[in-house]
file run_20.cif (mmCIF, C-alpha atoms)
data_final
loop_
_atom_site.label_atom_id
_atom_site.label_comp_id
_atom_site.auth_asym_id
_atom_site.auth_seq_id
_atom_site.Cartn_x
_atom_site.Cartn_y
_atom_site.Cartn_z
CA MET A 1 0.00 0.00 0.00
CA ILE A 2 1.20 3.50 -0.87
CA LYS A 3 1.09 5.89 2.12
CA HIS A 4 1.46 9.63 1.61
CA LEU A 5 2.96 10.68 4.93
CA LYS A 6 3.58 14.30 3.87
CA THR A 7 2.15 16.27 0.96
CA GLY A 8 3.04 19.61 -0.60
CA GLN A 9 1.18 22.68 -1.83
CA SER A 10 -2.21 22.20 -3.47
CA ALA A 11 -2.71 22.49 -7.21
CA GLN A 12 -5.13 25.41 -6.59
CA ASN A 13 -2.49 27.48 -4.81
CA LYS A 14 0.04 26.76 -7.55
CA ALA A 15 -2.42 27.91 -10.23
CA SER A 16 -3.09 31.18 -8.41
CA ASN A 17 0.63 31.98 -8.16
CA ASN A 18 1.17 31.15 -11.83
CA ALA A 19 -1.56 33.56 -12.94
CA GLN A 20 0.13 36.48 -11.19
CA VAL A 21 3.50 35.66 -12.75
CA ARG A 22 1.93 35.30 -16.19
CA ALA A 23 0.31 38.75 -16.09
CA THR A 24 3.47 40.47 -14.85
CA VAL A 25 5.64 38.93 -17.56
CA GLU A 26 3.15 39.72 -20.30
CA GLY A 27 3.32 43.42 -19.43
CA ILE A 28 7.12 43.51 -19.32
CA LEU A 29 7.48 41.77 -22.69
CA ALA A 30 5.02 44.16 -24.36
CA ASP A 31 6.85 47.17 -22.96
CA ILE A 32 10.28 45.93 -24.07
CA GLU A 33 8.98 45.14 -27.53
CA ALA A 34 7.61 48.68 -27.80
CA ARG A 35 10.45 50.67 -26.21
CA GLY A 36 13.53 48.46 -26.68
CA ASP A 37 16.68 49.48 -24.82
CA ALA A 38 14.91 52.18 -22.79
CA ALA A 39 12.54 49.64 -21.29
CA VAL A 40 15.32 47.11 -20.69
CA ARG A 41 17.29 49.73 -18.77
CA ALA A 42 14.25 50.77 -16.75
CA TYR A 43 13.50 47.21 -15.65
CA SER A 44 17.14 46.50 -14.87
CA GLN A 45 17.19 49.55 -12.63
CA LYS A 46 13.87 48.61 -11.03
CA PHE A 47 14.60 44.95 -10.32
CA ASP A 48 18.40 44.80 -10.01
CA LYS A 49 19.35 48.42 -9.19
CA TRP A 50 21.70 48.13 -12.17
CA SER A 51 22.04 50.66 -15.00
CA PRO A 52 25.62 50.75 -16.37
CA GLU A 53 26.67 52.72 -19.41
CA ASN A 54 26.77 49.47 -21.38
CA PHE A 55 25.22 46.13 -20.38
CA ARG A 56 27.63 44.33 -22.71
CA LEU A 57 31.00 43.75 -21.06
CA SER A 58 34.11 44.87 -22.92
CA PRO A 59 37.12 42.58 -23.37
CA SER A 60 38.96 44.49 -20.65
CA GLU A 61 36.03 44.11 -18.23
CA ILE A 62 35.94 40.38 -18.95
CA ASP A 63 39.69 40.07 -18.40
CA ALA A 64 39.36 41.94 -15.11
CA CYS A 65 36.72 39.50 -13.91
CA ILE A 66 38.89 36.52 -14.82
CA ALA A 67 41.85 38.11 -13.01
CA GLU A 68 39.84 38.19 -9.77
CA LEU A 69 39.69 34.41 -9.59
CA THR A 70 42.43 32.38 -7.98
CA PRO A 71 44.43 29.85 -10.02
CA GLN A 72 42.58 27.06 -8.19
CA GLN A 73 39.18 28.52 -9.01
CA LEU A 74 40.09 28.83 -12.69
CA ALA A 75 41.47 25.29 -12.70
CA ASP A 76 38.23 24.00 -11.17
CA ILE A 77 36.13 25.78 -13.81
CA ARG A 78 38.34 24.37 -16.58
CA PHE A 79 38.06 20.86 -15.11
CA ALA A 80 34.26 21.03 -15.03
CA GLN A 81 34.14 22.40 -18.57
CA ALA A 82 36.44 19.66 -19.82
CA GLN A 83 34.02 17.01 -18.53
CA ILE A 84 30.97 18.73 -20.00
CA ARG A 85 32.73 19.38 -23.32
CA ARG A 86 33.84 15.77 -23.61
CA PHE A 87 30.35 14.35 -23.08
CA ALA A 88 28.81 16.92 -25.44
CA GLN A 89 31.34 16.00 -28.12
CA ILE A 90 30.51 12.31 -27.69
CA GLN A 91 26.82 13.13 -28.01
CA LYS A 92 27.45 15.16 -31.15
CA SER A 93 29.42 12.30 -32.69
CA SER A 94 26.30 10.14 -32.39
CA MET A 95 24.46 12.43 -34.81
CA HIS A 96 25.06 11.75 -38.49
CA ASP A 97 23.94 13.22 -41.80
CA VAL A 98 22.24 10.57 -43.92
CA GLU A 99 21.60 10.09 -47.63
CA ILE A 100 20.07 6.99 -49.18
CA GLU A 101 18.57 5.93 -52.52
CA THR A 102 15.21 4.57 -51.37
CA LEU A 103 14.06 3.67 -54.89
CA PRO A 104 16.02 3.66 -58.14
CA GLY A 105 16.59 7.34 -58.88
CA VAL A 106 15.04 8.64 -55.63
CA VAL A 107 17.50 10.06 -53.10
CA LEU A 108 16.46 11.19 -49.61
CA GLY A 109 18.60 12.62 -46.87
CA HIS A 110 18.94 14.88 -43.90
CA ARG A 111 21.55 17.35 -42.70
CA ASN A 112 22.26 18.30 -39.11
CA ILE A 113 22.70 22.08 -39.10
CA PRO A 114 23.68 24.13 -36.02
CA MET A 115 21.57 27.15 -35.22
CA ASN A 116 23.01 30.51 -36.21
CA SER A 117 22.47 32.30 -32.89
CA VAL A 118 21.57 31.33 -29.34
CA GLY A 119 21.02 33.34 -26.17
CA CYS A 120 22.02 31.72 -22.88
CA TYR A 121 20.55 32.89 -19.59
CA ILE A 122 22.68 32.19 -16.52
CA PRO A 123 20.92 32.79 -13.18
CA GLY A 124 23.03 34.72 -10.72
CA GLY A 125 21.03 37.16 -8.64
CA LYS A 126 20.70 34.90 -5.60
CA TYR A 127 23.60 32.48 -6.12
CA PRO A 128 26.37 32.88 -8.74
CA LEU A 129 25.47 29.75 -10.72
CA ILE A 130 28.59 29.39 -12.81
CA ALA A 131 27.67 25.84 -13.83
CA SER A 132 24.81 27.12 -15.98
CA ALA A 133 27.38 28.84 -18.19
CA HIS A 134 29.11 25.53 -18.84
CA MET A 135 25.84 23.77 -19.57
CA SER A 136 24.50 26.30 -22.07
CA VAL A 137 27.32 28.32 -23.63
CA LEU A 138 29.82 25.50 -23.90
CA THR A 139 27.30 22.98 -25.22
CA ALA A 140 26.11 25.44 -27.87
CA LYS A 141 29.68 26.05 -29.03
CA VAL A 142 30.35 22.29 -29.23
CA ALA A 143 27.24 22.04 -31.40
CA GLY A 144 28.71 24.62 -33.77
CA VAL A 145 26.48 27.63 -33.07
CA LYS A 146 28.10 30.67 -34.72
CA ARG A 147 26.90 33.37 -32.29
CA VAL A 148 26.37 32.56 -28.63
CA ILE A 149 25.48 35.43 -26.32
CA ALA A 150 25.23 35.07 -22.56
CA CYS A 151 23.37 37.13 -19.97
CA ALA A 152 23.59 37.02 -16.18
CA PRO A 153 22.30 39.50 -13.62
CA PRO A 154 24.60 41.50 -11.38
CA PHE A 155 25.69 39.85 -8.15
CA ASP A 156 26.32 42.09 -5.15
CA GLY A 157 25.93 45.12 -7.39
CA ARG A 158 28.37 44.19 -10.16
CA PRO A 159 29.13 41.48 -12.72
CA SER A 160 29.90 38.19 -10.97
CA PRO A 161 33.59 37.49 -11.68
CA ALA A 162 33.06 33.71 -11.51
CA ILE A 163 30.09 33.71 -13.88
CA VAL A 164 31.82 36.02 -16.35
CA ALA A 165 34.95 33.84 -16.27
CA ALA A 166 32.88 30.72 -16.89
CA MET A 167 31.06 32.38 -19.80
CA ALA A 168 34.32 33.52 -21.36
CA LEU A 169 36.12 30.20 -20.91
CA ALA A 170 33.09 28.40 -22.36
CA GLY A 171 33.40 30.50 -25.54
CA ALA A 172 30.63 33.10 -25.34
CA ASP A 173 30.84 35.58 -28.22
CA GLU A 174 29.05 38.37 -26.31
CA ILE A 175 28.66 38.71 -22.54
CA TYR A 176 26.07 40.97 -20.90
CA CYS A 177 25.49 41.81 -17.26
CA LEU A 178 21.71 41.83 -17.47
CA GLY A 179 19.16 39.70 -15.64
CA GLY A 180 15.57 38.63 -15.35
CA VAL A 181 12.75 38.94 -17.86
CA GLN A 182 14.44 41.98 -19.38
CA ALA A 183 17.47 39.86 -20.37
CA VAL A 184 15.38 37.09 -21.90
CA ALA A 185 13.21 39.61 -23.76
CA ALA A 186 16.19 41.55 -25.11
CA MET A 187 17.82 38.38 -26.42
CA ALA A 188 14.62 37.03 -27.96
CA LEU A 189 13.08 40.21 -29.36
CA GLY A 190 16.25 42.16 -30.07
CA THR A 191 16.85 45.80 -29.20
CA GLU A 192 18.85 48.67 -30.65
CA SER A 193 21.98 47.43 -28.90
CA MET A 194 21.41 43.67 -28.89
CA PRO A 195 20.45 41.84 -32.10
CA GLY A 196 17.97 39.05 -31.37
CA VAL A 197 18.75 35.35 -31.41
CA ASP A 198 17.04 32.25 -32.75
CA MET A 199 16.81 30.32 -29.49
CA ILE A 200 16.85 31.01 -25.73
CA VAL A 201 18.20 28.45 -23.28
CA GLY A 202 18.98 28.24 -19.59
CA PRO A 203 17.21 28.00 -16.24
CA GLY A 204 15.84 30.85 -14.16
CA ASN A 205 13.19 31.86 -11.65
CA ALA A 206 9.44 31.66 -12.25
CA TYR A 207 9.44 34.96 -14.18
CA VAL A 208 12.27 33.92 -16.48
CA ALA A 209 10.56 30.58 -17.12
CA GLU A 210 7.28 32.32 -17.92
CA ALA A 211 9.04 34.75 -20.27
CA LYS A 212 10.49 31.83 -22.20
CA ARG A 213 7.05 30.22 -22.36
CA GLN A 214 5.44 33.37 -23.75
CA LEU A 215 8.24 33.91 -26.27
CA PHE A 216 8.22 30.32 -27.53
CA GLY A 217 7.29 30.34 -31.20
CA ARG A 218 8.90 33.67 -31.88
CA VAL A 219 12.14 31.99 -30.84
CA GLY A 220 12.97 28.45 -29.90
CA ILE A 221 13.56 27.47 -26.30
CA ASP A 222 15.32 24.54 -24.72
CA LEU A 223 12.36 23.44 -22.57
CA PHE A 224 9.68 24.70 -20.24
CA ALA A 225 11.22 24.99 -16.79
CA GLY A 226 9.89 25.52 -13.31
CA PRO A 227 11.47 25.36 -9.86
CA THR A 228 14.14 22.73 -9.29
CA GLU A 229 12.67 19.35 -8.36
CA THR A 230 14.42 16.43 -6.70
CA LEU A 231 13.25 12.93 -5.85
CA VAL A 232 15.13 10.37 -3.77
CA ILE A 233 14.05 6.75 -4.08
CA CYS A 234 15.61 4.73 -1.28
CA ASP A 235 15.47 1.56 0.76
CA ASP A 236 17.23 0.43 3.91
CA THR A 237 20.62 0.20 2.18
CA VAL A 238 21.12 3.89 3.08
CA ASP A 239 20.37 5.99 6.14
CA ALA A 240 18.06 8.91 6.79
CA GLU A 241 20.89 11.46 7.09
CA LEU A 242 22.18 10.77 3.57
CA VAL A 243 18.64 11.04 2.19
CA ALA A 244 18.08 14.29 4.08
CA VAL A 245 21.30 15.82 2.77
CA ASP A 246 20.43 14.95 -0.81
CA LEU A 247 16.91 16.36 -0.49
CA MET A 248 17.94 19.61 1.21
CA GLY A 249 20.92 20.00 -1.14
CA GLN A 250 18.42 20.68 -3.92
CA ALA A 251 15.66 22.33 -1.88
CA GLU A 252 18.06 25.23 -1.27
CA HIS A 253 17.50 26.34 -4.87
CA GLY A 254 14.37 28.15 -3.77
CA PRO A 255 11.40 28.12 -1.40
CA THR A 256 9.16 26.63 -4.10
CA SER A 257 11.49 23.74 -5.02
CA PRO A 258 9.75 20.40 -4.44
CA ALA A 259 11.73 17.69 -2.64
CA TYR A 260 10.24 14.20 -2.70
CA CYS A 261 11.22 11.02 -0.90
CA ILE A 262 9.82 7.66 -1.91
CA THR A 263 11.00 4.87 0.34
CA THR A 264 10.31 1.21 0.99
CA SER A 265 11.95 1.54 4.41
CA PRO A 266 9.64 2.24 7.37
CA ALA A 267 12.73 3.22 9.38
CA ILE A 268 13.72 5.96 6.93
CA ALA A 269 10.10 7.15 6.73
CA ALA A 270 10.05 7.50 10.51
CA GLU A 271 13.50 9.05 10.88
CA LEU A 272 13.58 11.41 7.88
CA PRO A 273 11.72 14.44 9.33
CA ALA A 274 14.10 14.68 12.29
CA ALA A 275 17.11 14.01 10.05
CA ILE A 276 16.06 16.91 7.82
CA GLU A 277 15.93 19.25 10.81
CA ARG A 278 19.44 18.18 11.84
CA VAL A 279 20.77 18.75 8.31
CA LEU A 280 19.09 22.16 8.07
CA ALA A 281 20.81 23.17 11.30
CA ARG A 282 24.19 23.01 9.55
CA LEU A 283 23.21 24.71 6.26
CA ASP A 284 23.60 28.43 5.62
CA THR A 285 20.63 28.10 3.26
CA ALA A 286 18.37 26.54 5.90
CA ALA A 287 15.70 29.25 5.65
CA VAL A 288 15.18 28.60 1.94
CA ALA A 289 15.55 24.81 2.00
CA GLY A 290 13.39 24.51 5.10
CA ALA A 291 10.58 26.51 3.50
CA ALA A 292 10.75 24.36 0.38
CA TRP A 293 10.47 21.18 2.45
CA ARG A 294 7.69 22.58 4.63
CA ASP A 295 5.53 23.79 1.76
CA HIS A 296 6.46 21.49 -1.11
CA GLY A 297 8.11 18.40 0.36
CA GLU A 298 6.53 14.95 0.10
CA LEU A 299 7.26 11.71 1.92
CA ILE A 300 5.79 8.52 0.49
CA LEU A 301 6.13 5.05 2.01
CA CYS A 302 5.68 2.09 -0.33
CA ASP A 303 5.59 -1.65 0.25
CA SER A 304 7.57 -2.58 -2.87
CA ASP A 305 9.81 -1.35 -5.65
CA GLU A 306 6.84 -1.70 -8.00
CA GLU A 307 4.81 0.76 -5.93
CA ALA A 308 7.81 3.09 -5.65
CA LEU A 309 8.21 3.00 -9.44
CA GLN A 310 4.52 3.83 -9.89
CA GLU A 311 4.85 6.91 -7.69
CA ALA A 312 8.12 7.99 -9.31
CA GLN A 313 6.54 7.79 -12.75
CA ARG A 314 3.60 9.89 -11.53
CA LEU A 315 5.83 12.59 -10.04
CA CYS A 316 8.10 12.70 -13.12
CA SER A 317 10.74 14.64 -11.20
CA GLU A 318 13.53 16.66 -12.76
CA HIS A 319 16.20 14.84 -10.74
CA VAL A 320 15.74 11.26 -9.57
CA GLN A 321 18.33 9.85 -7.20
CA VAL A 322 18.05 6.08 -6.72
CA MET A 323 19.71 4.66 -3.62
CA THR A 324 18.50 1.09 -3.44
CA LYS A 325 20.06 -2.35 -3.49
CA ASP A 326 19.51 -2.53 -7.26
CA PRO A 327 19.43 0.95 -8.88
CA ASP A 328 19.63 -0.57 -12.35
CA TRP A 329 16.17 -2.08 -11.79
CA TYR A 330 14.84 1.49 -11.95
CA LEU A 331 17.10 2.45 -14.87
CA ALA A 332 15.56 -0.37 -16.92
CA ARG A 333 11.97 0.58 -16.06
CA MET A 334 11.70 4.35 -15.53
CA THR A 335 10.52 6.46 -18.44
CA ASN A 336 9.39 9.73 -16.78
CA TYR A 337 12.22 11.85 -15.36
CA GLY A 338 14.80 14.49 -16.21
CA ALA A 339 18.01 12.71 -15.22
CA LEU A 340 18.85 9.65 -13.11
CA PHE A 341 21.56 9.44 -10.45
CA LEU A 342 22.18 5.80 -9.67
CA GLY A 343 23.61 4.55 -6.39
CA HIS A 344 24.82 6.19 -3.20
CA ARG A 345 28.23 7.16 -4.65
CA THR A 346 26.75 9.83 -6.91
CA ASN A 347 24.26 12.63 -6.31
CA VAL A 348 22.46 15.47 -8.05
CA SER A 349 25.15 18.00 -7.13
CA TYR A 350 27.72 16.05 -9.17
CA GLY A 351 25.43 16.36 -12.19
CA ASP A 352 24.66 20.00 -11.46
CA LYS A 353 28.29 21.07 -11.35
CA VAL A 354 30.96 18.87 -12.81
CA ILE A 355 30.45 15.23 -13.82
CA GLY A 356 29.66 15.99 -17.47
CA THR A 357 25.93 15.52 -18.06
CA ASN A 358 23.83 18.63 -18.61
CA HIS A 359 21.93 20.07 -15.67
CA THR A 360 19.25 21.94 -17.63
CA LEU A 361 16.44 19.42 -17.29
CA PRO A 362 12.66 19.19 -17.72
CA THR A 363 10.44 20.06 -14.75
CA MET A 364 6.69 20.11 -14.03
CA GLY A 365 6.14 16.73 -15.68
CA ALA A 366 7.80 17.69 -18.97
CA GLY A 367 10.04 14.61 -18.67
CA ARG A 368 7.06 12.69 -20.05
CA TYR A 369 7.76 14.13 -23.51
CA THR A 370 11.26 15.63 -23.57
CA GLY A 371 14.73 15.11 -22.23
CA GLY A 372 17.03 17.85 -21.03
CA LEU A 373 19.37 20.23 -22.78
CA TRP A 374 22.06 18.52 -24.85
CA VAL A 375 24.15 19.27 -27.89
CA GLY A 376 21.34 18.07 -30.18
CA LYS A 377 19.01 20.83 -28.96
CA PHE A 378 21.23 23.34 -30.77
CA ILE A 379 21.17 21.38 -34.03
CA LYS A 380 18.33 21.34 -36.53
CA THR A 381 17.77 18.24 -38.63
CA HIS A 382 16.62 19.27 -42.11
CA THR A 383 15.53 16.84 -44.80
CA TYR A 384 16.06 17.06 -48.55
CA GLN A 385 15.11 15.03 -51.61
CA ARG A 386 16.48 14.57 -55.11
CA VAL A 387 14.97 12.68 -58.07
CA LEU A 388 17.62 11.59 -60.54
CA THR A 389 15.68 10.10 -63.45
CA ASP A 390 12.52 10.72 -65.49
CA GLU A 391 11.40 7.18 -64.71
CA ALA A 392 11.60 7.80 -60.97
CA SER A 393 9.67 11.07 -61.22
CA VAL A 394 6.89 9.42 -63.25
CA LEU A 395 6.64 6.52 -60.78
CA ILE A 396 6.38 8.77 -57.75
CA GLY A 397 4.16 11.22 -59.66
CA GLU A 398 1.53 8.61 -60.54
CA TYR A 399 1.20 7.54 -56.90
CA CYS A 400 1.18 11.18 -55.77
CA SER A 401 -1.55 12.12 -58.26
CA ARG A 402 -3.92 9.40 -57.05
CA LEU A 403 -3.26 10.22 -53.37
CA CYS A 404 -3.90 13.94 -53.99
CA ALA A 405 -7.17 13.06 -55.73
CA MET A 406 -8.30 11.18 -52.62
CA GLU A 407 -7.61 14.33 -50.60
CA GLN A 408 -9.35 16.52 -53.20
CA LEU A 409 -6.31 18.79 -53.52
CA SER A 410 -6.25 19.64 -57.21
CA GLY A 411 -3.25 21.96 -57.02
CA HIS A 412 -1.14 19.29 -55.37
CA LYS A 413 -2.36 16.80 -57.96
CA GLU A 414 -1.38 19.06 -60.84
CA GLN A 415 2.16 19.38 -59.47
CA ALA A 416 2.48 15.65 -59.97
CA ASP A 417 0.47 15.43 -63.19
CA ILE A 418 2.49 18.04 -65.12
CA ARG A 419 5.66 16.06 -64.50
CA VAL A 420 4.01 12.78 -65.49
CA ARG A 421 2.74 14.33 -68.73
CA ARG A 422 6.10 15.88 -69.62
CA LEU A 423 8.38 13.06 -68.57
CA ALA A 424 6.38 9.94 -69.36
CA ALA A 425 7.37 10.00 -73.01
CA THR A 426 11.06 9.91 -72.19
CA ALA A 427 10.78 7.55 -69.22
#
call {"tool": "encode", "arguments": {"input": "run_20.cif", "output": "structure tokens"}}
result
Amino acid sequence: MIKHLKTGQSAQNKASNNAQVRATVEGILADIEARGDAAVRAYSQKFDKWSPENFRLSPSEIDACIAELTPQQLADIRFAQAQIRRFAQIQKSSMHDVEIETLPGVVLGHRNIPMNSVGCYIPGGKYPLIASAHMSVLTAKVAGVKRVIACAPPFDGRPSPAIVAAMALAGADEIYCLGGVQAVAAMALGTESMPGVDMIVGPGNAYVAEAKRQLFGRVGIDLFAGPTETLVICDDTVDAELVAVDLMGQAEHGPTSPAYCITTSPAIAAELPAAIERVLARLDTAAVAGAAWRDHGELILCDSDEEALQEAQRLCSEHVQVMTKDPDWYLARMTNYGALFLGHRTNVSYGDKVIGTNHTLPTMGAGRYTGGLWVGKFIKTHTYQRVLTDEASVLIGEYCSRLCAMEQLSGHKEQADIRVRRLAATA
């Protein structure tokens, strides 16, 4: 039997909050589209108290940021980027152009073409999330994107040296100290000082996520994103403290970040609430993580792995950490998630920061129909066709003509018929 020992915020409350965010973002986007740079500057001043002469950083400003980091900090950034670059390159190598003669004289194919321009949003107002620069900028450059611009908000009243360094080392072509909806809108819509891009990627708060949602269609986006979600599936092969650390380690992203525990261990179910309080006592981010657990945390006790799997599939969490005696059992059976972290030796933080997989992942159930950001998201697969002989054109044309007649599309039919009439004599 599945027992829900703790539940999170109701769907009604979530819907009410979303409506307020939606209306706010809609107004900002309309204003920026109408007034361009002037509106961007006004919102930057309003929300971030930031209005420099130029939002785009000069080469000397970038170099100054890099110079603020210690050799160890730069080495750590380079190490993380090396892991992410290597896995992205391996992923890219799995993608191939194809061309095949499907019938005598009929050639079909596709080409994998990188996008021309991408805008990467790197969150940084609350925490300087340098890893998001690796995940977006670097992956886009591995894909072959010609122009990659990167935006991050000011941190402590100025460009974050660590974020700027990560952007630059990842290969960003343009770097802007600009945050929030105004950054996403400027990149997507274009302004007098910032030509628009073809796609926006990267995580952000609820307002950034809503801006991407409203702009989708005018530009591409990586995926619809909400607050960070984490799920730990565990049995009695681990202890409550480890589970608590892994839950609170992601809940600190924000007070609306859901943290779920599904366990087949009655002992962990009983001990986890107290273990979470002990872990929070040693975290600087306890106020945020504690609020997330209080308002959005869930604790579910199951009798079997099959029940645990059922609940995990329903939740479809962004991150799923499996700490059971046989994590591969879940790997073989789970289909709804963002990314899996298998066994007690790994954790979500490894994936977020350094191990090599991409940390921009689907939330709010989107793992049912999409995976996360990867090199392939920056590459468009375009088909083409070529007919080499009159005989092949007549053959395909005769079939096409009859099929168009069934659909009552006379113009389509005539496209086929004119070729049959002209080429049949020579075929």
call {"tool": "resolve_selection", "arguments": {"input": "run_20.cif", "expression": "the PyMOL selection byres ((chain A and resi 125-135) around 9)", "output": "number ranges by chain"}}
result
A: 48, 77, 80-81, 84-85, 120-124, 136-140, 150, 152-156, 160, 162-170, 172, 179-180, 202-203, 253, 352-354, 356-360, 373-374
call {"tool": "closest_residue", "arguments": {"input": "run_20.cif", "among": "A:Gly36, A:Pro266, A:Pro327, A:Gly109", "to": "Ala183 of chain A", "atoms": "only C-alpha atoms"}}
result
A:Gly36
call {"tool": "closest_residue", "arguments": {"input": "run_20.cif", "among": "A:Ile276, A:Ala209, A:Leu189, A:Leu283", "to": "Ala240 of chain A", "atoms": "all atoms listed in the file"}}
result
A:Ile276
call {"tool": "residues_around", "arguments": {"input": "run_20.cif", "residues": "Phe341 of chain A", "least_positions_apart": "2", "cutoff": "10 Å", "atoms": "only C-alpha atoms", "output": "list of chain:residue names"}}
result
A:Val232, A:His319, A:Val320, A:Gln321, A:Val322, A:Met323, A:Pro327, A:Leu331, A:Ala339, A:Gly343, A:His344, A:Arg345, A:Thr346, A:Asn347, A:Val348, A:Ser349, A:Tyr350, A:Gly351
call {"tool": "closest_residue", "arguments": {"input": "run_20.cif", "among": "A:Arg41, A:Lys6, A:His296, A:Arg422", "to": "Thr230 of chain A", "atoms": "only C-alpha atoms"}}
result
A:His296
call {"tool": "atom_distance", "arguments": {"input": "run_20.cif", "atom1": "atom CA of Val145 of chain A", "atom2": "atom CA of Met115 of chain A"}}
result
5.4 Å
call {"tool": "resolve_selection", "arguments": {"input": "run_20.cif", "expression": "the PyMOL selection byres ((chain A and resi 192) around 12)", "output": "number ranges by chain"}}
result
A: 32-40, 186-187, 189-191, 193-196
call {"tool": "write_last_selection", "arguments": {"input": "run_20.cif", "atoms": "C-alpha atoms", "output": "CSV table (one decimal), in the frame of the given file"}}
result
chain,number,residue,atom,x,y,z
A,32,ILE,CA,10.3,45.9,-24.1
A,33,GLU,CA,9.0,45.1,-27.5
A,34,ALA,CA,7.6,48.7,-27.8
A,35,ARG,CA,10.4,50.7,-26.2
A,36,GLY,CA,13.5,48.5,-26.7
A,37,ASP,CA,16.7,49.5,-24.8
A,38,ALA,CA,14.9,52.2,-22.8
A,39,ALA,CA,12.5,49.6,-21.3
A,40,VAL,CA,15.3,47.1,-20.7
A,186,ALA,CA,16.2,41.6,-25.1
A,187,MET,CA,17.8,38.4,-26.4
A,189,LEU,CA,13.1,40.2,-29.4
A,190,GLY,CA,16.2,42.2,-30.1
A,191,THR,CA,16.8,45.8,-29.2
A,193,SER,CA,22.0,47.4,-28.9
A,194,MET,CA,21.4,43.7,-28.9
A,195,PRO,CA,20.4,41.8,-32.1
A,196,GLY,CA,18.0,39.0,-31.4
call {"tool": "residues_around", "arguments": {"input": "run_20.cif", "residues": "segment 394-398 of chain A", "least_positions_apart": "5", "cutoff": "8 Å", "atoms": "all atoms listed in the file", "output": "ChimeraX atom specification"}}
result
/A:416-417,419-420,423-424,427
call {"tool": "write_last_selection", "arguments": {"input": "run_20.cif", "atoms": "C-alpha atoms", "output": "PDB file, in the coordinates of the input"}}
result
ATOM      1  CA  ALA A 416       2.480  15.650 -59.970  1.00  0.00           C
ATOM      2  CA  ASP A 417       0.470  15.430 -63.190  1.00  0.00           C
ATOM      3  CA  ARG A 419       5.660  16.060 -64.500  1.00  0.00           C
ATOM      4  CA  VAL A 420       4.010  12.780 -65.490  1.00  0.00           C
ATOM      5  CA  LEU A 423       8.380  13.060 -68.570  1.00  0.00           C
ATOM      6  CA  ALA A 424       6.380   9.940 -69.360  1.00  0.00           C
ATOM      7  CA  ALA A 427      10.780   7.550 -69.220  1.00  0.00           C
TER       8      ALA A 427
END
call {"tool": "atom_distance", "arguments": {"input": "run_20.cif", "atom1": "atom CA of Ser317 of chain A", "atom2": "atom CA of Phe224 of chain A"}}
result
13.6 Å
call {"tool": "closest_residue", "arguments": {"input": "run_20.cif", "among": "A:Cys316, A:Ala269, A:Ala225, A:Ala392", "to": "Pro104 of chain A", "atoms": "only C-alpha atoms"}}
result
A:Ala392
call {"tool": "residues_around", "arguments": {"input": "run_20.cif", "residues": "Glu210 of chain A", "least_positions_apart": "3", "cutoff": "9 Å", "atoms": "only C-alpha atoms", "output": "PyMOL selection string"}}
result
chain A and resi 18+21-22+25-26+181+205-207+213-215+224-226
call {"tool": "atom_distance", "arguments": {"input": "run_20.cif", "atom1": "atom CA of Pro114 of chain A", "atom2": "atom CA of Arg386 of chain A"}}
result
22.5 Å
call {"tool": "resolve_selection", "arguments": {"input": "run_20.cif", "expression": "the PyMOL selection byres ((chain A and resi 116) around 10)", "output": "list in words"}}
result
Ile113, Pro114, Met115, Ser117, Val118, Gly144, Val145, Lys146, Arg147, Val148, Val197, Asp198, Met199, Phe378 and Ile379 of chain A
call {"tool": "closest_residue", "arguments": {"input": "run_20.cif", "among": "A:Asp76, A:Leu29, A:Leu178, A:His96", "to": "Phe47 of chain A", "atoms": "only C-alpha atoms"}}
result
A:Leu178
call {"tool": "residues_around", "arguments": {"input": "run_20.cif", "residues": "Leu231 of chain A", "least_positions_apart": "6", "cutoff": "12 Å", "atoms": "all atoms listed in the file", "output": "VMD selection string"}}
result
chain A and resid 243 to 244 246 to 251 257 to 263 296 to 300 308 to 309 311 to 323 337 to 341 347 to 348 363
call {"tool": "build_atoms", "arguments": {"input": "run_20.cif", "residues": "segment 276-280 of chain A", "atoms": "N, CA, C and O atoms", "output": "short mmCIF file (atom, residue, chain, number, x, y, z; two decimals), in the coordinates of the input"}}
result
data_model
loop_
_atom_site.label_atom_id
_atom_site.label_comp_id
_atom_site.auth_asym_id
_atom_site.auth_seq_id
_atom_site.Cartn_x
_atom_site.Cartn_y
_atom_site.Cartn_z
N ILE A 276 16.09 15.67 8.59
CA ILE A 276 16.06 16.91 7.82
C ILE A 276 16.31 18.11 8.72
O ILE A 276 17.08 19.02 8.37
N GLU A 277 15.71 18.13 9.88
CA GLU A 277 15.93 19.25 10.81
C GLU A 277 17.40 19.33 11.23
O GLU A 277 17.96 20.42 11.36
N ARG A 278 18.03 18.17 11.46
CA ARG A 278 19.44 18.18 11.84
C ARG A 278 20.32 18.67 10.69
O ARG A 278 21.29 19.42 10.91
N VAL A 279 20.00 18.29 9.47
CA VAL A 279 20.77 18.75 8.31
C VAL A 279 20.58 20.25 8.13
O VAL A 279 21.54 20.99 7.87
N LEU A 280 19.35 20.73 8.23
CA LEU A 280 19.09 22.16 8.07
C LEU A 280 19.88 22.99 9.08
O LEU A 280 20.33 24.09 8.76
#
